[in-house]
Each structure stands twice: as structure tokens, then as C-alpha cells.
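S.K.: Please read through the structure below; I'll follow up with questions.
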Amino acid sequence: MDSSATITWSDFERVDIRVGTILEARPFPAARKPAYQLLLDLGPEIGFKKSSAQITHHYQPADLVGRQVLCVVNFPPRQIANFMSEVLVTGAADAEGHIVLTALAAPVPNGSRLV
């Protein structure tokens with residue numbers, strides 16, 4: 001994507017990015033690339049959702065529980081092996097291409113929308 005391309009505020013508002021807390025994280029051996037299955041609490045409006053996340057290089061499942069993350073909640077669900085991933089957990093690639101989760105500076109209520 002051309003980094004100089006601009007979007008409108010309306011374009012940005014169409015992407016629904018919400019805060020969720022990871023309740024469960026477990027290895028996902030059926031995934032083609034190393035990944036975890038996550039269960040997230042996205043607040044009372046959205047509820048509990050599942051995600052497959054390729055974040056195994058920097059994180060262990062036990063370290064993920066209780067962590068707040070930013071999730072795109074309005075993508076269509078995606079079948080990953082035998083698992084339906086319902087939201088996209090956001091992050092950025094480090095210098096080696098391993099995903100580092102997007103982090104918040106302080107706790108906020110689950111379901112809070114990125115503005």
C-alpha cells in the first residue's frame with residue numbers, strides 16, 4: 001500500500017477496532033503456521049469472541065491471559081484449520097517478521113472503541 005494514500009474519516013470509522021481482554025490462550029497445532037487459539041472478552045456489546053493469532057515467537061499462553069489487546073471486530077469470520085477465527089488481533093512485525101501485539105498504555109473497559 002502506498003503510505004501517502006489518504007483516507008477519509010468515514011473510511012477510518014468503518015474499521016471497528018475494540019479493546020478485548022484475553023481470557024484463554026492455548027496452542028493451535030492444527031494451524032499451518034505456529035499460532036495460538038485465543039478467547040477474548042470484548043465487553044457487553046460484543047461479548048466473547050475467538051481468534052487465531054500467529055504470536056508464538058514472543059508470547060507463551062500463560063503470559064497472554066489477562067492482557068488487553070486491540071481487535072478488528074467487523075471482518076468476516078475466517079476458518080483456520082478446524083477453528084473459526086471471529087476477530088483479528090492486531091500487532092506489528094518486528095525486524096525478523098515476528099508479530100508483537102498492539103498494546104495499550106493503561107487499562108480501559110473491554111469493548112472500548114479505538115477513536
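Labeling convention for the C-alpha cells: chains A, B, ... as they appear, residues from 1 per chain, ligands from 1 in order of appearance.
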Give me the residues within 8 Å of segment 62-66 of chain A as a ChimeraX atom specification, counting only C-alpha atoms and dropping any in the same chain fewer than 2 places off.
M.R.: /A:21-25,59-60,68
S.K.: Quick one: write out the picked residues with all heavy atoms as a compact mmCIF listing (two decimals), in the first residue's frame?
M.R.:
# COMPACT_ATOMS: atom_id res chain seq x y z
N THR A 21 -9.94 -8.33 26.38
CA THR A 21 -9.02 -8.99 27.30
C THR A 21 -8.94 -10.46 26.95
O THR A 21 -9.97 -11.12 26.77
CB THR A 21 -9.48 -8.81 28.76
OG1 THR A 21 -9.47 -7.42 29.08
CG2 THR A 21 -8.56 -9.55 29.72
N ILE A 22 -7.73 -10.98 26.86
CA ILE A 22 -7.53 -12.40 26.58
C ILE A 22 -7.88 -13.20 27.83
O ILE A 22 -7.28 -12.99 28.89
CB ILE A 22 -6.08 -12.68 26.13
CG1 ILE A 22 -5.78 -11.91 24.84
CG2 ILE A 22 -5.86 -14.18 25.95
CD1 ILE A 22 -4.32 -11.97 24.41
N LEU A 23 -8.86 -14.09 27.70
CA LEU A 23 -9.29 -14.94 28.80
C LEU A 23 -8.60 -16.31 28.77
O LEU A 23 -8.33 -16.90 29.82
CB LEU A 23 -10.80 -15.15 28.77
CG LEU A 23 -11.66 -13.90 28.84
CD1 LEU A 23 -13.13 -14.27 28.71
CD2 LEU A 23 -11.40 -13.16 30.15
N GLU A 24 -8.37 -16.81 27.56
CA GLU A 24 -7.73 -18.11 27.39
C GLU A 24 -6.79 -18.03 26.19
O GLU A 24 -7.10 -17.35 25.21
CB GLU A 24 -8.76 -19.21 27.09
CG GLU A 24 -9.72 -19.51 28.20
CD GLU A 24 -10.76 -20.56 27.80
OE1 GLU A 24 -10.64 -21.19 26.72
OE2 GLU A 24 -11.71 -20.73 28.57
N ALA A 25 -5.69 -18.75 26.28
CA ALA A 25 -4.75 -18.88 25.17
C ALA A 25 -4.20 -20.29 25.20
O ALA A 25 -3.75 -20.76 26.24
CB ALA A 25 -3.62 -17.86 25.31
N TYR A 59 5.42 -14.77 22.76
CA TYR A 59 4.48 -14.95 23.87
C TYR A 59 4.26 -16.43 24.18
O TYR A 59 4.23 -17.26 23.28
CB TYR A 59 3.13 -14.31 23.54
CG TYR A 59 3.24 -12.87 23.12
CD1 TYR A 59 3.26 -12.52 21.78
CD2 TYR A 59 3.35 -11.85 24.07
CE1 TYR A 59 3.39 -11.19 21.39
CE2 TYR A 59 3.48 -10.52 23.68
CZ TYR A 59 3.49 -10.20 22.35
OH TYR A 59 3.62 -8.89 21.97
N GLN A 60 4.06 -16.71 25.47
CA GLN A 60 3.62 -18.02 25.93
C GLN A 60 2.16 -17.88 26.35
O GLN A 60 1.73 -16.81 26.80
CB GLN A 60 4.46 -18.48 27.13
CG GLN A 60 5.90 -18.76 26.77
CD GLN A 60 6.02 -19.87 25.74
OE1 GLN A 60 5.39 -20.91 25.85
NE2 GLN A 60 6.81 -19.63 24.70
N GLN A 68 -4.75 -6.97 27.69
CA GLN A 68 -5.69 -6.27 26.80
C GLN A 68 -5.03 -6.06 25.44
O GLN A 68 -3.85 -5.73 25.35
CB GLN A 68 -6.11 -4.93 27.38
CG GLN A 68 -7.12 -5.08 28.51
CD GLN A 68 -7.81 -3.78 28.84
OE1 GLN A 68 -7.17 -2.77 29.09
NE2 GLN A 68 -9.14 -3.82 28.86
S.K.: Which residues come within 9 Å of segment 105-108 of chain A, counting only C-alpha atoms, excluding same-chain residues fewer than 2 positions away, as a ChimeraX atom specification?
M.R.: /A:19,68,103,110-112
S.K.: Output all heavy atoms of each residue in that selection to a file, as an mmCIF file, in the first residue's frame.
M.R.:
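Output file selection_25.cif follows:
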data_model
loop_
_atom_site.group_PDB
_atom_site.id
_atom_site.type_symbol
_atom_site.label_atom_id
_atom_site.label_comp_id
_atom_site.auth_asym_id
_atom_site.auth_seq_id
_atom_site.Cartn_x
_atom_site.Cartn_y
_atom_site.Cartn_z
ATOM 1 N N VAL A 19 -11.190 -2.899 22.181
ATOM 2 C CA VAL A 19 -10.318 -3.457 23.211
ATOM 3 C C VAL A 19 -10.945 -4.737 23.753
ATOM 4 O O VAL A 19 -12.145 -4.769 24.049
ATOM 5 C CB VAL A 19 -10.111 -2.448 24.359
ATOM 6 C CG1 VAL A 19 -9.313 -3.076 25.495
ATOM 7 C CG2 VAL A 19 -9.431 -1.190 23.841
ATOM 8 N N GLN A 68 -4.750 -6.966 27.689
ATOM 9 C CA GLN A 68 -5.687 -6.273 26.805
ATOM 10 C C GLN A 68 -5.034 -6.062 25.442
ATOM 11 O O GLN A 68 -3.850 -5.726 25.348
ATOM 12 C CB GLN A 68 -6.111 -4.927 27.385
ATOM 13 C CG GLN A 68 -7.117 -5.082 28.512
ATOM 14 C CD GLN A 68 -7.810 -3.777 28.842
ATOM 15 O OE1 GLN A 68 -7.167 -2.768 29.091
ATOM 16 N NE2 GLN A 68 -9.137 -3.819 28.856
ATOM 17 N N ALA A 103 -0.357 -2.746 22.046
ATOM 18 C CA ALA A 103 -0.567 -2.628 23.487
ATOM 19 C C ALA A 103 -1.196 -1.285 23.842
ATOM 20 O O ALA A 103 -1.027 -0.295 23.127
ATOM 21 C CB ALA A 103 0.758 -2.775 24.220
ATOM 22 N N ASN A 110 -13.317 -3.242 28.517
ATOM 23 C CA ASN A 110 -13.460 -4.113 27.363
ATOM 24 C C ASN A 110 -14.571 -3.600 26.466
ATOM 25 O O ASN A 110 -15.619 -3.151 26.952
ATOM 26 C CB ASN A 110 -13.763 -5.547 27.792
ATOM 27 C CG ASN A 110 -12.569 -6.222 28.412
ATOM 28 O OD1 ASN A 110 -11.432 -5.895 28.110
ATOM 29 N ND2 ASN A 110 -12.805 -7.181 29.293
ATOM 30 N N GLY A 111 -14.330 -3.653 25.176
ATOM 31 C CA GLY A 111 -15.304 -3.171 24.209
ATOM 32 C C GLY A 111 -15.099 -1.718 23.806
ATOM 33 O O GLY A 111 -15.727 -1.234 22.868
ATOM 34 N N SER A 112 -14.184 -1.014 24.495
ATOM 35 C CA SER A 112 -13.905 0.372 24.125
ATOM 36 C C SER A 112 -13.435 0.411 22.673
ATOM 37 O O SER A 112 -12.651 -0.430 22.236
ATOM 38 C CB SER A 112 -12.822 0.978 25.017
ATOM 39 O OG SER A 112 -13.270 1.075 26.338
#
S.K.: Give me, as a count of residues only, all polymer residues having an atom no more than 12 Å from Asn82 of chain A, counting only C-alpha atoms and skipping those fewer than 3 positions away in the same chain.
M.R.: 10
S.K.: Considering only C-alpha atoms, can you say which of A:Ala93, A:Ile80, A:Leu104, A:Leu70 comes closest to Tyr36 of chain A?
M.R.: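 Smallest distance to Tyr36 of chain A is found for A:Ile80.
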S.K.: Quick check for you: according to DSSP on this backbone, which residues of chain A are classed as strand (DSSP E)? Reply as a PDB file with N, CA, C and O atoms, in the first residue's frame.
M.R.:
ATOM      1  N   ILE A  17     -12.414  -1.220  15.607  1.00  0.00           N
ATOM      2  CA  ILE A  17     -11.318  -1.762  16.412  1.00  0.00           C
ATOM      3  C   ILE A  17     -11.682  -1.569  17.875  1.00  0.00           C
ATOM      4  O   ILE A  17     -11.912  -0.443  18.325  1.00  0.00           O
ATOM      5  N   ARG A  18     -11.738  -2.669  18.613  1.00  0.00           N
ATOM      6  CA  ARG A  18     -12.171  -2.666  20.010  1.00  0.00           C
ATOM      7  C   ARG A  18     -11.122  -3.289  20.918  1.00  0.00           C
ATOM      8  O   ARG A  18     -10.326  -4.124  20.499  1.00  0.00           O
ATOM      9  N   VAL A  19     -11.190  -2.899  22.181  1.00  0.00           N
ATOM     10  CA  VAL A  19     -10.318  -3.457  23.211  1.00  0.00           C
ATOM     11  C   VAL A  19     -10.945  -4.737  23.753  1.00  0.00           C
ATOM     12  O   VAL A  19     -12.145  -4.769  24.049  1.00  0.00           O
ATOM     13  N   GLY A  20     -10.136  -5.760  23.876  1.00  0.00           N
ATOM     14  CA  GLY A  20     -10.576  -7.007  24.475  1.00  0.00           C
ATOM     15  C   GLY A  20      -9.506  -7.544  25.414  1.00  0.00           C
ATOM     16  O   GLY A  20      -8.326  -7.248  25.252  1.00  0.00           O
ATOM     17  N   THR A  21      -9.943  -8.331  26.380  1.00  0.00           N
ATOM     18  CA  THR A  21      -9.018  -8.985  27.299  1.00  0.00           C
ATOM     19  C   THR A  21      -8.937 -10.462  26.945  1.00  0.00           C
ATOM     20  O   THR A  21      -9.974 -11.122  26.766  1.00  0.00           O
ATOM     21  N   ILE A  22      -7.727 -10.981  26.861  1.00  0.00           N
ATOM     22  CA  ILE A  22      -7.529 -12.398  26.575  1.00  0.00           C
ATOM     23  C   ILE A  22      -7.876 -13.202  27.831  1.00  0.00           C
ATOM     24  O   ILE A  22      -7.284 -12.994  28.887  1.00  0.00           O
ATOM     25  N   LEU A  23      -8.856 -14.091  27.696  1.00  0.00           N
ATOM     26  CA  LEU A  23      -9.286 -14.945  28.804  1.00  0.00           C
ATOM     27  C   LEU A  23      -8.601 -16.306  28.772  1.00  0.00           C
ATOM     28  O   LEU A  23      -8.334 -16.899  29.817  1.00  0.00           O
ATOM     29  N   GLU A  24      -8.371 -16.810  27.564  1.00  0.00           N
ATOM     30  CA  GLU A  24      -7.729 -18.114  27.388  1.00  0.00           C
ATOM     31  C   GLU A  24      -6.795 -18.032  26.191  1.00  0.00           C
ATOM     32  O   GLU A  24      -7.096 -17.354  25.210  1.00  0.00           O
ATOM     33  N   ALA A  25      -5.691 -18.749  26.281  1.00  0.00           N
ATOM     34  CA  ALA A  25      -4.746 -18.876  25.172  1.00  0.00           C
ATOM     35  C   ALA A  25      -4.200 -20.292  25.199  1.00  0.00           C
ATOM     36  O   ALA A  25      -3.750 -20.760  26.243  1.00  0.00           O
ATOM     37  N   ARG A  26      -4.275 -20.960  24.054  1.00  0.00           N
ATOM     38  CA  ARG A  26      -3.762 -22.327  24.006  1.00  0.00           C
ATOM     39  C   ARG A  26      -3.126 -22.590  22.643  1.00  0.00           C
ATOM     40  O   ARG A  26      -3.490 -21.962  21.642  1.00  0.00           O
ATOM     41  N   PRO A  27      -2.167 -23.509  22.609  1.00  0.00           N
ATOM     42  CA  PRO A  27      -1.524 -23.845  21.343  1.00  0.00           C
ATOM     43  C   PRO A  27      -2.548 -24.328  20.316  1.00  0.00           C
ATOM     44  O   PRO A  27      -3.583 -24.905  20.671  1.00  0.00           O
ATOM     45  N   TYR A  36      -1.703 -19.511  18.249  1.00  0.00           N
ATOM     46  CA  TYR A  36      -2.497 -19.803  19.443  1.00  0.00           C
ATOM     47  C   TYR A  36      -3.963 -19.571  19.126  1.00  0.00           C
ATOM     48  O   TYR A  36      -4.309 -18.727  18.299  1.00  0.00           O
ATOM     49  N   GLN A  37      -4.815 -20.310  19.812  1.00  0.00           N
ATOM     50  CA  GLN A  37      -6.252 -20.033  19.833  1.00  0.00           C
ATOM     51  C   GLN A  37      -6.510 -19.165  21.051  1.00  0.00           C
ATOM     52  O   GLN A  37      -6.106 -19.514  22.162  1.00  0.00           O
ATOM     53  N   LEU A  38      -7.170 -18.035  20.827  1.00  0.00           N
ATOM     54  CA  LEU A  38      -7.462 -17.102  21.915  1.00  0.00           C
ATOM     55  C   LEU A  38      -8.960 -16.990  22.124  1.00  0.00           C
ATOM     56  O   LEU A  38      -9.733 -17.023  21.159  1.00  0.00           O
ATOM     57  N   LEU A  39      -9.378 -16.824  23.374  1.00  0.00           N
ATOM     58  CA  LEU A  39     -10.749 -16.454  23.718  1.00  0.00           C
ATOM     59  C   LEU A  39     -10.656 -15.076  24.340  1.00  0.00           C
ATOM     60  O   LEU A  39      -9.884 -14.865  25.292  1.00  0.00           O
ATOM     61  N   LEU A  40     -11.436 -14.129  23.798  1.00  0.00           N
ATOM     62  CA  LEU A  40     -11.362 -12.733  24.222  1.00  0.00           C
ATOM     63  C   LEU A  40     -12.699 -12.240  24.746  1.00  0.00           C
ATOM     64  O   LEU A  40     -13.752 -12.606  24.222  1.00  0.00           O
ATOM     65  N   ASP A  41     -12.635 -11.392  25.762  1.00  0.00           N
ATOM     66  CA  ASP A  41     -13.822 -10.692  26.279  1.00  0.00           C
ATOM     67  C   ASP A  41     -13.792  -9.293  25.677  1.00  0.00           C
ATOM     68  O   ASP A  41     -12.923  -8.486  25.999  1.00  0.00           O
ATOM     69  N   PHE A  48     -18.000 -12.478  23.944  1.00  0.00           N
ATOM     70  CA  PHE A  48     -16.806 -13.303  23.842  1.00  0.00           C
ATOM     71  C   PHE A  48     -16.592 -13.707  22.391  1.00  0.00           C
ATOM     72  O   PHE A  48     -17.532 -14.123  21.713  1.00  0.00           O
ATOM     73  N   LYS A  49     -15.363 -13.596  21.926  1.00  0.00           N
ATOM     74  CA  LYS A  49     -15.013 -13.966  20.556  1.00  0.00           C
ATOM     75  C   LYS A  49     -13.719 -14.759  20.568  1.00  0.00           C
ATOM     76  O   LYS A  49     -12.896 -14.648  21.471  1.00  0.00           O
ATOM     77  N   LYS A  50     -13.523 -15.545  19.493  1.00  0.00           N
ATOM     78  CA  LYS A  50     -12.331 -16.364  19.336  1.00  0.00           C
ATOM     79  C   LYS A  50     -11.443 -15.786  18.234  1.00  0.00           C
ATOM     80  O   LYS A  50     -11.939 -15.166  17.297  1.00  0.00           O
ATOM     81  N   SER A  51     -10.145 -16.039  18.374  1.00  0.00           N
ATOM     82  CA  SER A  51      -9.206 -15.610  17.344  1.00  0.00           C
ATOM     83  C   SER A  51      -8.042 -16.582  17.270  1.00  0.00           C
ATOM     84  O   SER A  51      -7.629 -17.152  18.275  1.00  0.00           O
ATOM     85  N   SER A  52      -7.524 -16.755  16.066  1.00  0.00           N
ATOM     86  CA  SER A  52      -6.272 -17.472  15.860  1.00  0.00           C
ATOM     87  C   SER A  52      -5.206 -16.412  15.651  1.00  0.00           C
ATOM     88  O   SER A  52      -5.384 -15.499  14.838  1.00  0.00           O
ATOM     89  N   ALA A  53      -4.112 -16.496  16.402  1.00  0.00           N
ATOM     90  CA  ALA A  53      -3.081 -15.466  16.325  1.00  0.00           C
ATOM     91  C   ALA A  53      -1.698 -16.093  16.209  1.00  0.00           C
ATOM     92  O   ALA A  53      -1.319 -16.932  17.027  1.00  0.00           O
ATOM     93  N   GLN A  68      -4.750  -6.966  27.689  1.00  0.00           N
ATOM     94  CA  GLN A  68      -5.687  -6.273  26.805  1.00  0.00           C
ATOM     95  C   GLN A  68      -5.034  -6.062  25.442  1.00  0.00           C
ATOM     96  O   GLN A  68      -3.850  -5.726  25.348  1.00  0.00           O
ATOM     97  N   VAL A  69      -5.816  -6.286  24.391  1.00  0.00           N
ATOM     98  CA  VAL A  69      -5.346  -6.155  23.018  1.00  0.00           C
ATOM     99  C   VAL A  69      -6.397  -5.403  22.194  1.00  0.00           C
ATOM    100  O   VAL A  69      -7.545  -5.271  22.607  1.00  0.00           O
ATOM    101  N   LEU A  70      -5.969  -4.929  21.029  1.00  0.00           N
ATOM    102  CA  LEU A  70      -6.879  -4.268  20.093  1.00  0.00           C
ATOM    103  C   LEU A  70      -7.262  -5.266  19.014  1.00  0.00           C
ATOM    104  O   LEU A  70      -6.392  -5.928  18.435  1.00  0.00           O
ATOM    105  N   CYS A  71      -8.574  -5.360  18.742  1.00  0.00           N
ATOM    106  CA  CYS A  71      -9.098  -6.344  17.793  1.00  0.00           C
ATOM    107  C   CYS A  71      -9.994  -5.685  16.758  1.00  0.00           C
ATOM    108  O   CYS A  71     -10.845  -4.859  17.115  1.00  0.00           O
ATOM    109  N   VAL A  72      -9.826  -6.076  15.497  1.00  0.00           N
ATOM    110  CA  VAL A  72     -10.770  -5.677  14.463  1.00  0.00           C
ATOM    111  C   VAL A  72     -11.942  -6.646  14.571  1.00  0.00           C
ATOM    112  O   VAL A  72     -11.764  -7.856  14.424  1.00  0.00           O
ATOM    113  N   ARG A  78     -13.183 -16.220   9.807  1.00  0.00           N
ATOM    114  CA  ARG A  78     -12.292 -16.947   8.893  1.00  0.00           C
ATOM    115  C   ARG A  78     -11.985 -18.325   9.461  1.00  0.00           C
ATOM    116  O   ARG A  78     -11.577 -18.443  10.622  1.00  0.00           O
ATOM    117  N   GLN A  79     -12.170 -19.338   8.636  1.00  0.00           N
ATOM    118  CA  GLN A  79     -11.874 -20.715   9.036  1.00  0.00           C
ATOM    119  C   GLN A  79     -10.372 -20.941   8.962  1.00  0.00           C
ATOM    120  O   GLN A  79      -9.765 -20.773   7.911  1.00  0.00           O
ATOM    121  N   ILE A  80      -9.772 -21.291  10.100  1.00  0.00           N
ATOM    122  CA  ILE A  80      -8.349 -21.632  10.165  1.00  0.00           C
ATOM    123  C   ILE A  80      -8.284 -23.080  10.638  1.00  0.00           C
ATOM    124  O   ILE A  80      -8.585 -23.362  11.799  1.00  0.00           O
ATOM    125  N   PHE A  83     -10.900 -24.440  13.180  1.00  0.00           N
ATOM    126  CA  PHE A  83     -11.221 -23.387  14.141  1.00  0.00           C
ATOM    127  C   PHE A  83     -11.762 -22.166  13.398  1.00  0.00           C
ATOM    128  O   PHE A  83     -11.211 -21.776  12.362  1.00  0.00           O
ATOM    129  N   MET A  84     -12.816 -21.549  13.918  1.00  0.00           N
ATOM    130  CA  MET A  84     -13.373 -20.339  13.315  1.00  0.00           C
ATOM    131  C   MET A  84     -12.837 -19.126  14.066  1.00  0.00           C
ATOM    132  O   MET A  84     -13.149 -18.920  15.242  1.00  0.00           O
ATOM    133  N   SER A  85     -12.008 -18.333  13.386  1.00  0.00           N
ATOM    134  CA  SER A  85     -11.452 -17.113  13.960  1.00  0.00           C
ATOM    135  C   SER A  85     -12.445 -15.986  13.687  1.00  0.00           C
ATOM    136  O   SER A  85     -12.762 -15.695  12.533  1.00  0.00           O
ATOM    137  N   LEU A  88      -9.796 -10.197  14.441  1.00  0.00           N
ATOM    138  CA  LEU A  88      -8.378 -10.095  14.153  1.00  0.00           C
ATOM    139  C   LEU A  88      -7.702  -9.346  15.288  1.00  0.00           C
ATOM    140  O   LEU A  88      -8.032  -8.190  15.566  1.00  0.00           O
ATOM    141  N   VAL A  89      -6.775 -10.010  15.954  1.00  0.00           N
ATOM    142  CA  VAL A  89      -5.976  -9.371  17.000  1.00  0.00           C
ATOM    143  C   VAL A  89      -4.850  -8.624  16.292  1.00  0.00           C
ATOM    144  O   VAL A  89      -4.164  -9.189  15.437  1.00  0.00           O
ATOM    145  N   GLY A  91      -1.329  -6.329  15.661  1.00  0.00           N
ATOM    146  CA  GLY A  91       0.061  -6.264  16.065  1.00  0.00           C
ATOM    147  C   GLY A  91       0.890  -5.747  14.912  1.00  0.00           C
ATOM    148  O   GLY A  91       0.362  -5.407  13.855  1.00  0.00           O
ATOM    149  N   ALA A  92       2.190  -5.714  15.109  1.00  0.00           N
ATOM    150  CA  ALA A  92       3.129  -5.286  14.083  1.00  0.00           C
ATOM    151  C   ALA A  92       4.312  -6.238  14.083  1.00  0.00           C
ATOM    152  O   ALA A  92       4.661  -6.820  15.121  1.00  0.00           O
ATOM    153  N   ALA A  93       4.925  -6.391  12.919  1.00  0.00           N
ATOM    154  CA  ALA A  93       6.067  -7.291  12.797  1.00  0.00           C
ATOM    155  C   ALA A  93       7.340  -6.620  13.303  1.00  0.00           C
ATOM    156  O   ALA A  93       7.587  -5.443  13.029  1.00  0.00           O
ATOM    157  N   ILE A  99       5.357 -11.279  15.069  1.00  0.00           N
ATOM    158  CA  ILE A  99       4.326 -10.323  15.475  1.00  0.00           C
ATOM    159  C   ILE A  99       4.443  -9.948  16.953  1.00  0.00           C
ATOM    160  O   ILE A  99       4.561 -10.803  17.828  1.00  0.00           O
ATOM    161  N   VAL A 100       4.381  -8.644  17.191  1.00  0.00           N
ATOM    162  CA  VAL A 100       4.329  -8.061  18.536  1.00  0.00           C
ATOM    163  C   VAL A 100       2.944  -7.450  18.678  1.00  0.00           C
ATOM    164  O   VAL A 100       2.505  -6.667  17.825  1.00  0.00           O
ATOM    165  N   LEU A 101       2.239  -7.815  19.724  1.00  0.00           N
ATOM    166  CA  LEU A 101       0.867  -7.339  19.919  1.00  0.00           C
ATOM    167  C   LEU A 101       0.791  -5.824  20.120  1.00  0.00           C
ATOM    168  O   LEU A 101       1.681  -5.235  20.739  1.00  0.00           O
TER     169      LEU A 101
END
S.K.: Run DSSP on the backbone of this structure and report the residues of chain A it assigns to helix (DSSP H, G or I), as a short mmCIF file (atom, residue, chain, number, x, y, z; two decimals) with N, CA and C atoms, in the first residue's frame.
M.R.:
data_model
loop_
_atom_site.label_atom_id
_atom_site.label_comp_id
_atom_site.auth_asym_id
_atom_site.auth_seq_id
_atom_site.Cartn_x
_atom_site.Cartn_y
_atom_site.Cartn_z
N TRP A 9 -12.23 10.33 7.10
CA TRP A 9 -12.64 9.95 8.44
C TRP A 9 -13.69 8.86 8.36
N SER A 10 -14.57 8.96 7.40
CA SER A 10 -15.61 7.95 7.20
C SER A 10 -15.00 6.58 6.91
N ASP A 11 -13.93 6.54 6.11
CA ASP A 11 -13.23 5.27 5.84
C ASP A 11 -12.70 4.67 7.14
N PHE A 12 -12.06 5.50 7.95
CA PHE A 12 -11.50 5.04 9.22
C PHE A 12 -12.59 4.50 10.14
N GLU A 13 -13.72 5.18 10.20
CA GLU A 13 -14.81 4.77 11.08
C GLU A 13 -15.41 3.42 10.69
N ARG A 14 -15.23 3.00 9.47
CA ARG A 14 -15.76 1.71 9.02
C ARG A 14 -15.01 0.54 9.64
N GLY A 43 -16.33 -7.10 25.90
CA GLY A 43 -17.32 -6.26 26.57
C GLY A 43 -18.75 -6.69 26.30
N PRO A 44 -19.71 -6.05 26.99
CA PRO A 44 -21.10 -6.49 26.93
C PRO A 44 -21.76 -6.33 25.56
N GLU A 45 -21.35 -5.37 24.77
CA GLU A 45 -21.97 -5.16 23.46
C GLU A 45 -21.60 -6.26 22.46
N ILE A 46 -20.33 -6.71 22.50
CA ILE A 46 -19.83 -7.69 21.54
C ILE A 46 -19.75 -9.09 22.13
N PRO A 61 1.35 -18.94 26.21
CA PRO A 61 -0.07 -18.83 26.54
C PRO A 61 -0.35 -18.24 27.92
N ALA A 62 0.38 -18.68 28.94
CA ALA A 62 0.13 -18.19 30.30
C ALA A 62 0.38 -16.70 30.43
N ASP A 63 1.31 -16.17 29.64
CA ASP A 63 1.63 -14.73 29.69
C ASP A 63 0.58 -13.87 29.01
N LEU A 64 -0.25 -14.48 28.18
CA LEU A 64 -1.26 -13.73 27.43
C LEU A 64 -2.54 -13.50 28.22
#
S.K.: Report, in Å to a single decimal, how far apart atom CA of His98 of chain A and atom CA of Thr6 of chain A are.
M.R.: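 Atom-to-atom, atom CA of Thr6 of chain A and atom CA of His98 of chain A are spaced 27.4 Å apart.
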S.K.: For the atom pair atom CA of Val87 of chain A and atom CA of Ser4 of chain A, what is the interatomic distance in Å to one decimal place?
M.R.: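 Separating atom CA of Val87 of chain A from atom CA of Ser4 of chain A is a distance of 27.5 Å.
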